[in-house]
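Q: I have a structure I would like to understand better, so I am pasting it below and will then ask my questions one at a time.
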Amino acid sequence: GQNIDQPTEMTATEGAIVQINCTYQTSGFNGLFWYQQHAGEAPTFLSYNVLDGLEEKGRFSSFLSRSKGYSYLLLKELQMKDSASYLCAVRDDAGFQKLVFGTGTRLLVSP
Amino acid sequence: DTAVSQTPKYLVTQMGNDKSIKCEQNLGHDTMYWYKQDSKKFLKIMFSYNNKELIINETVPNRFSPKSPDKAHLNLHINSLELGDSAVYFCASSHRARQGSEKLFFGSGTQLSVL
């Protein structure tokens with residue numbers, strides 16, 4: 001079966017660092033994606049991991065441990081505009097881009 | 001210059017009606033998808049087409065019928081709408097590339113409300 005778990009909601013303060021965790025149990029694994037979704041808008045791509053380790057992209061970093069079925073998204077120097085839902089998604093099929101999404105983590109950044 | 005565009009953005013209709021949502025992408029992608037996002041924000045794949053061929057069909061009631069006239073378009077027709085169909089429907093596209101990092105580009109969503 002497919003199971004992807006994330007915390008439902010997190011809060012943080014502007015300028016701080018926040019880590020959003022994702023654990024997964026899927027029938028196959030061919031990469032893990034993080035997407036950002038602002039309220040009422042479409043999800044947009046943030047990061048991709050397929051090998052173990054940390055991928056850094058500006059204020060955002062994503063980590064993967066395949067043996068533990070675990071990933072996290074790290075957001076540094078939080079800004080108000082980072083208030084959004086963050087969706088963890090696992091691709092379980094090498095050929096067809098089938099992404100299985102978690103329920104998302106709603107992050108609220110306060111002043 | 002919208003990459004993935006879907007219409008309408010809002011759709012309010014009565015139970016039992018038939019409705020369609022249209023999607024078009026100008027990114028030159030060969031694969032398109034329909035995702036459903038429920039009230040709990042859970043995003044789940046419904047269908048995927050690659051070069052007009054259906055490649056993913058996720059146990060969706062056959063009241064839902066996707067149609068892809070060409071690889072730039074994927075429309076979704078829903079017959080006999082039910083209350084439980086109320087959700088936000090997202091169209092997406094990607095390129096079925098050799099590299100695994102190919103990401104999805106989503107349309108802005110269609111909020112369907114069935115009364």
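Please note that chains go A, B, ... in the order of the structure tokens, that every chain numbers its residues from 1, and that ligands are numbered from 1 in the order shown.
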For chain B against chain A, with a cut-off of 7 Å and counting only C-alpha atoms, what is the closest atom pair and its distance in Å to one decimal for every residue that makes the cut, ordered by chain and number, as CSV?
A:
```
residue,atom,partner,partner_atom,distance
B:Lys41,CA,A:Thr103,CA,6.3
B:Phe42,CA,A:Thr103,CA,4.7
B:Leu43,CA,A:Phe101,CA,6.0
B:Lys44,CA,A:Phe101,CA,6.7
B:Arg96,CA,A:Phe96,CA,6.8
B:Ser101,CA,A:Tyr48,CA,6.4
B:Lys103,CA,A:Phe45,CA,6.8
B:Phe105,CA,A:Thr44,CA,7.0
B:Phe106,CA,A:Ala42,CA,5.9
B:Gly107,CA,A:Ala42,CA,6.2
B:Ser108,CA,A:Ala42,CA,4.9
B:Gly109,CA,A:Ala42,CA,6.4
```
Q: What would the file look like if the residues just selected were written as a compact mmCIF listing (two decimals), in the first residue's frame with N, CA and C atoms?
A:
```txt
# COMPACT_ATOMS: atom_id res chain seq x y z
N LYS B 41 -7.52 18.65 1.68
CA LYS B 41 -6.35 19.04 0.89
C LYS B 41 -5.52 17.85 0.43
N PHE B 42 -6.12 16.65 0.45
CA PHE B 42 -5.40 15.48 -0.01
C PHE B 42 -5.48 15.42 -1.53
N LEU B 43 -4.31 15.41 -2.16
CA LEU B 43 -4.22 15.44 -3.62
C LEU B 43 -4.01 14.03 -4.13
N LYS B 44 -4.95 13.57 -4.96
CA LYS B 44 -4.87 12.19 -5.41
C LYS B 44 -5.01 12.10 -6.94
N ARG B 96 7.71 13.04 -20.05
CA ARG B 96 8.13 11.69 -19.65
C ARG B 96 9.59 11.52 -20.05
N SER B 101 13.90 13.48 -12.52
CA SER B 101 13.57 14.69 -11.78
C SER B 101 12.49 15.52 -12.44
N LYS B 103 9.44 17.38 -13.15
CA LYS B 103 8.42 17.76 -12.21
C LYS B 103 7.09 18.01 -12.90
N PHE B 105 3.80 20.32 -13.61
CA PHE B 105 3.33 21.70 -13.66
C PHE B 105 1.81 21.63 -13.55
N PHE B 106 1.27 22.33 -12.57
CA PHE B 106 -0.16 22.27 -12.31
C PHE B 106 -0.88 23.47 -12.89
N GLY B 107 -2.12 23.24 -13.30
CA GLY B 107 -3.02 24.33 -13.60
C GLY B 107 -3.53 24.95 -12.31
N SER B 108 -4.32 26.00 -12.42
CA SER B 108 -4.76 26.75 -11.25
C SER B 108 -5.94 26.10 -10.53
N GLY B 109 -6.46 25.04 -11.07
CA GLY B 109 -7.52 24.30 -10.38
C GLY B 109 -8.92 24.73 -10.77
```
Q: Near region 53-59 of chain B, within 12 Å and counting only C-alpha atoms, which residues show up once chain neighbours fewer than 2 positions away are dropped, as a PyMOL selection string?
A: (chain A and resi 93+95-100) or (chain B and resi 30-36+44-51+61-71+73-74+96)
Q: Hey, can you check how far CA of Ser86 (chain B) sits from CA of Asp38 (chain B)?
A: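 Computed distance, CA of Ser86 (chain B) to CA of Asp38 (chain B), equals 7.6 Å.
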Q: Skip Ser62 (chain A) itself and residues of its chain fewer than 3 positions away, then list as an MDAnalysis selection string all residues within 12 Å of it, counting only C-alpha atoms.
A: chainID A and resid 18:22 32:35 46:59 65 70:76 86 88
